[in-house]
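The file work39.csv comes next; it holds CSV, C-alpha atoms.
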```csv
chain,number,residue,atom,x,y,z
A,24,MET,CA,-8.8,24.3,51.0
A,25,SER,CA,-10.2,21.4,49.0
A,26,ILE,CA,-8.6,17.9,49.2
A,27,ALA,CA,-7.7,18.2,45.5
A,28,HIS,CA,-5.9,21.5,46.1
A,29,PHE,CA,-4.2,20.1,49.2
A,30,ARG,CA,-2.9,17.0,47.4
A,31,GLU,CA,-1.7,19.1,44.5
A,32,LEU,CA,0.2,21.3,47.0
A,33,VAL,CA,1.7,18.2,48.5
A,34,ARG,CA,2.8,16.9,45.1
A,35,THR,CA,4.2,20.2,43.8
A,36,GLU,CA,6.0,21.1,47.0
A,37,GLY,CA,7.4,17.6,47.6
A,38,LEU,CA,5.9,17.4,51.1
A,39,VAL,CA,6.0,14.0,52.9
A,40,GLY,CA,3.1,13.2,55.2
A,41,LEU,CA,2.9,10.9,58.2
A,42,THR,CA,0.8,7.7,58.6
A,43,LEU,CA,-1.2,7.2,61.7
A,44,GLU,CA,1.2,4.5,62.8
A,45,GLN,CA,4.2,6.8,62.4
A,46,TYR,CA,2.3,9.5,64.4
A,47,GLU,CA,1.5,7.2,67.2
A,48,ARG,CA,5.1,6.0,67.3
A,49,MET,CA,6.4,9.5,67.6
A,50,ILE,CA,4.2,10.1,70.6
A,51,GLU,CA,5.3,6.8,72.2
A,52,GLN,CA,8.9,7.8,71.8
A,53,GLY,CA,8.4,11.3,73.2
A,54,ILE,CA,9.2,13.0,69.9
A,55,LEU,CA,5.8,14.6,70.1
A,56,PRO,CA,4.7,15.3,73.7
A,57,GLU,CA,1.4,13.6,74.5
A,58,GLY,CA,-1.3,16.1,75.3
A,59,GLU,CA,0.0,18.8,73.1
A,60,PRO,CA,-2.8,20.6,71.1
A,61,ILE,CA,-1.7,19.0,67.9
A,62,GLU,CA,-3.7,16.6,65.6
A,63,LEU,CA,-3.0,14.6,62.5
A,64,LEU,CA,-5.1,15.6,59.5
A,65,ASP,CA,-4.5,14.2,56.1
A,66,GLY,CA,-1.1,13.0,57.2
A,67,PHE,CA,0.1,16.4,58.4
A,68,LEU,CA,0.3,17.9,61.9
A,69,PHE,CA,-2.0,20.9,62.7
A,70,ARG,CA,-2.2,22.9,65.9
A,71,LYS,CA,-5.7,22.9,67.2
A,72,ASP,CA,-7.4,26.3,67.0
A,73,ARG,CA,-9.6,27.0,70.0
A,74,ALA,CA,-9.4,30.8,69.9
A,75,LYS,CA,-12.1,33.4,69.6
A,76,ALA,CA,-12.6,34.5,66.0
A,77,GLY,CA,-9.9,37.1,65.0
A,78,GLU,CA,-7.7,36.5,68.1
A,79,ASP,CA,-4.4,34.7,68.6
A,80,PRO,CA,-4.9,31.0,67.6
A,81,MET,CA,-2.5,30.0,70.3
A,82,THR,CA,-5.1,31.0,73.0
A,83,VAL,CA,-8.2,29.2,74.2
A,84,GLY,CA,-11.3,31.4,73.9
A,85,PHE,CA,-13.4,31.8,77.0
A,86,ALA,CA,-16.6,30.9,75.1
A,87,HIS,CA,-15.0,27.8,73.7
A,88,ALA,CA,-13.9,26.6,77.2
A,89,VAL,CA,-17.4,27.2,78.6
A,90,VAL,CA,-19.1,25.1,75.9
A,91,VAL,CA,-16.6,22.3,76.3
A,92,LYS,CA,-17.4,22.2,80.1
A,93,ARG,CA,-21.1,22.2,79.4
A,94,LEU,CA,-20.7,19.3,77.0
A,95,MET,CA,-18.8,17.3,79.6
A,96,ALA,CA,-21.6,17.8,82.1
A,97,ILE,CA,-24.5,17.2,79.8
A,98,LEU,CA,-23.1,14.2,77.9
A,99,ALA,CA,-21.9,12.4,81.0
A,100,ASP,CA,-25.4,10.9,80.7
A,101,VAL,CA,-24.3,8.8,77.7
A,102,ALA,CA,-23.1,6.2,80.3
A,103,GLN,CA,-26.7,5.0,80.6
A,104,HIS,CA,-26.5,4.0,76.9
A,105,GLY,CA,-23.2,2.1,77.3
A,106,CYS,CA,-21.0,4.9,76.1
A,107,HIS,CA,-18.7,7.5,77.5
A,108,PHE,CA,-17.8,11.1,76.6
A,109,SER,CA,-14.3,11.7,75.3
A,110,CYS,CA,-12.9,15.3,75.4
A,111,GLN,CA,-10.2,16.5,73.0
A,112,LEU,CA,-8.7,13.0,72.6
A,113,PRO,CA,-7.7,11.2,69.4
A,114,ILE,CA,-10.0,9.2,67.1
A,115,ALA,CA,-8.0,6.8,64.9
A,116,LEU,CA,-8.9,7.2,61.3
A,117,PRO,CA,-6.4,5.2,59.2
A,118,PRO,CA,-4.3,5.5,57.2
A,119,ASP,CA,-3.3,9.1,58.1
A,120,GLY,CA,-5.8,10.7,60.5
A,121,ALA,CA,-6.0,11.2,64.2
A,122,PRO,CA,-8.3,14.2,64.7
A,123,GLU,CA,-8.9,15.3,68.3
A,124,PRO,CA,-12.5,16.6,68.3
A,125,ASP,CA,-13.6,18.8,71.2
A,126,GLY,CA,-16.0,16.1,72.1
A,127,ALA,CA,-16.9,12.5,71.1
A,128,ILE,CA,-19.4,9.9,72.2
A,129,VAL,CA,-17.5,6.6,72.3
A,130,ARG,CA,-19.0,3.2,72.9
A,131,GLY,CA,-17.9,1.2,76.0
A,132,ARG,CA,-15.9,2.4,79.0
A,133,PRO,CA,-12.7,4.4,78.9
A,134,GLU,CA,-10.9,1.2,80.2
A,135,ASP,CA,-11.8,-0.5,76.9
A,136,TYR,CA,-9.2,1.7,75.2
A,137,ARG,CA,-6.1,1.0,77.3
A,138,ASP,CA,-4.0,0.0,74.3
A,139,HIS,CA,-5.6,1.8,71.4
A,140,HIS,CA,-7.6,4.9,70.4
A,141,PRO,CA,-11.3,4.6,69.4
A,142,THR,CA,-12.0,4.3,65.7
A,143,ALA,CA,-14.9,5.4,63.6
A,144,GLY,CA,-16.7,2.2,64.4
A,145,ASP,CA,-16.5,3.0,68.1
A,146,THR,CA,-17.6,6.6,67.7
A,147,PRO,CA,-21.2,7.3,66.9
A,148,CYS,CA,-20.8,11.1,67.3
A,149,VAL,CA,-18.0,13.7,67.1
A,150,ILE,CA,-18.4,17.4,68.2
A,151,GLU,CA,-16.4,20.5,67.3
A,152,VAL,CA,-16.8,23.8,69.1
A,153,ALA,CA,-16.2,26.3,66.3
A,154,ASP,CA,-15.1,29.9,66.6
A,155,ASN,CA,-11.9,30.8,64.9
A,156,SER,CA,-11.8,27.2,63.5
A,157,LEU,CA,-15.2,27.4,61.8
A,158,GLN,CA,-13.9,27.2,58.2
A,159,ARG,CA,-11.6,24.2,59.0
A,160,ASP,CA,-14.4,22.5,60.9
A,161,ARG,CA,-16.9,22.9,58.1
A,162,VAL,CA,-14.5,21.9,55.3
A,163,THR,CA,-11.5,19.8,56.3
A,164,LYS,CA,-12.9,18.2,59.4
A,165,LEU,CA,-16.2,17.5,57.8
A,166,ARG,CA,-14.6,15.7,54.9
A,167,ILE,CA,-12.3,13.7,57.2
A,168,TYR,CA,-15.1,12.6,59.5
A,169,ALA,CA,-17.4,11.8,56.5
A,170,ASP,CA,-14.8,9.7,54.7
A,171,GLY,CA,-13.9,8.1,58.0
A,172,GLY,CA,-17.5,6.9,58.5
A,173,ILE,CA,-18.4,8.9,61.6
A,174,GLY,CA,-22.2,8.6,61.8
A,175,GLN,CA,-22.9,12.1,63.2
A,176,TYR,CA,-20.9,15.3,63.2
A,177,VAL,CA,-22.1,18.2,65.3
A,178,ILE,CA,-20.6,21.7,65.0
A,179,ILE,CA,-21.4,24.1,67.8
A,180,ASN,CA,-21.1,27.3,65.8
A,181,LEU,CA,-20.2,30.1,68.2
A,182,VAL,CA,-19.8,32.7,65.4
A,183,GLU,CA,-23.5,32.4,64.2
A,184,ARG,CA,-24.8,31.0,67.5
A,185,VAL,CA,-26.3,27.9,65.9
A,186,VAL,CA,-25.7,24.2,65.9
A,187,GLU,CA,-25.0,22.3,62.6
A,188,VAL,CA,-25.8,18.6,62.5
A,189,TYR,CA,-24.4,16.4,59.7
A,190,GLU,CA,-25.5,12.8,59.4
A,191,HIS,CA,-25.3,9.7,57.1
A,192,PRO,CA,-21.7,9.9,55.9
A,193,LEU,CA,-21.0,9.4,52.2
A,194,CYS,CA,-17.6,7.7,52.6
A,195,GLY,CA,-15.2,8.4,49.8
A,196,ARG,CA,-17.2,11.5,48.8
A,197,GLY,CA,-16.2,13.7,51.6
A,198,ARG,CA,-19.6,14.8,52.7
A,199,TYR,CA,-22.7,13.9,54.6
A,200,GLN,CA,-26.1,13.0,53.0
A,201,SER,CA,-28.1,15.2,55.4
A,202,SER,CA,-27.5,18.4,57.3
A,203,ARG,CA,-29.5,20.7,59.6
A,204,ARG,CA,-29.0,24.1,61.1
A,205,LEU,CA,-30.6,24.4,64.5
A,206,GLU,CA,-31.4,27.7,66.2
A,207,PRO,CA,-31.2,28.3,70.0
A,208,SER,CA,-34.9,27.6,70.4
A,209,GLN,CA,-34.6,24.2,68.9
A,210,SER,CA,-33.1,20.9,70.2
A,211,VAL,CA,-30.2,18.8,69.1
A,212,ARG,CA,-30.0,15.0,69.7
A,213,PHE,CA,-26.6,13.6,70.1
A,214,SER,CA,-26.4,10.0,68.9
A,215,CYS,CA,-25.2,7.2,71.3
A,216,ALA,CA,-26.1,3.5,70.8
A,217,GLU,CA,-28.3,2.6,67.9
A,218,GLY,CA,-31.7,4.3,68.4
A,219,ALA,CA,-30.6,6.1,71.6
A,220,GLY,CA,-29.4,9.6,72.2
A,221,ILE,CA,-29.2,12.6,74.5
A,222,GLU,CA,-31.5,15.5,73.5
A,223,VAL,CA,-30.8,19.1,74.8
A,224,THR,CA,-31.8,22.5,73.6
A,225,VAL,CA,-29.3,24.4,71.5
A,226,ALA,CA,-29.6,27.4,74.0
A,227,SER,CA,-28.2,25.2,76.8
A,228,LEU,CA,-25.0,24.7,74.9
A,229,LEU,CA,-24.3,28.2,73.9
A,230,PRO,CA,-22.5,30.6,76.3
```

Go ahead and express the file in the form of structure tokens.
Amino acid sequence: MSIAHFRELVRTEGLVGLTLEQYERMIEQGILPEGEPIELLDGFLFRKDRAKAGEDPMTVGFAHAVVVKRLMAILADVAQHGCHFSCQLPIALPPDGAPEPDGAIVRGRPEDYRDHHPTAGDTPCVIEVADNSLQRDRVTKLRIYADGGIGQYVIINLVERVVEVYEHPLCGRGRYQSSRRLEPSQSVRFSCAEGAGIEVTVASLLP
């Protein structure tokens, strides 16, 4: 669904969205249990879809789980570049976004975020592991991350067994200036600090 279509639906149906501040307050007050597989996109709550394509979206696909675990092991090395790996935790994108990517490279230590979530400026790279969620990740999430100013967006596409890399966000235009599609024999470089990154083969990420 395009953002124009979505906004028209909101207007015609009289829906009222949430701000990031309201969403965070609902979690603080226990209205929304912390840790639930829910994320705030365009001011509305969406259940995260981690299922295998065509299966119950309430389940977590085995391939999805394997790839997330591999990311956690491989990207632990970002610590040497003054970053840490964040797994399925919120990125604050005001005024109405708190997506929870499957992975993110965040500057600094986890302790630096005791009282707030990382923002786009703290997050050089976000990663989605896409199976049943591929359409949402390619369209809605891509637009949100680009408009938020996330420098690099990586989709580990389990459906087609490739990695898609989007870089140089065009804020306000909902897209990235450059994109690449990497096959298993190629390598992907995850951005960390400026000029630094972690490079691995695509095959090492795929189950």

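Distance-wise, atom CA of Leu64 of chain A and atom CA of Asn155 of chain A end up 17.5 Å apart.
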
Closest atom pairs, segment 47-112 of chain A residues within 6 Å of segment 116-126 of chain A, only C-alpha atoms, as a tab-separated table:
```
residue	atom	partner	partner_atom	distance
A:Glu62	CA	A:Pro122	CA	5.3
A:Leu63	CA	A:Ala121	CA	4.8
A:Leu64	CA	A:Gly120	CA	5.0
A:Asp65	CA	A:Asp119	CA	5.6
A:Gly66	CA	A:Asp119	CA	4.6
A:Ser109	CA	A:Gly126	CA	5.7
A:Cys110	CA	A:Gly126	CA	4.6
A:Gln111	CA	A:Asp125	CA	4.5
A:Leu112	CA	A:Glu123	CA	4.9
```

Would you list the contacts of Asp79 of chain A as a ChimeraX atom specification, taking every protein, DNA or RNA residue within 12 Å and counting only C-alpha atoms, but skipping same-chain residues closer than 5 positions in sequence? /A:71-74,84,154-156

Neighbour residues at most 12 Å from (-16.2, 16.3, 81.6) (all atoms listed in the file) as a list in words: Ala88, Val89, Val90, Val91, Lys92, Arg93, Leu94, Met95, Ala96, Ile97, Leu98, Ala99, Asp100, Val101, His107, Phe108, Ser109, Cys110, Gln111, Asp125, Gly126, Ala127 and Ile128 of chain A

Out of A:Glu183, A:Asp138, A:Glu151, A:Asp170, which residue has the shortest atom-to-atom distance to Gly195 of chain A when counting only C-alpha atoms? A:Asp170
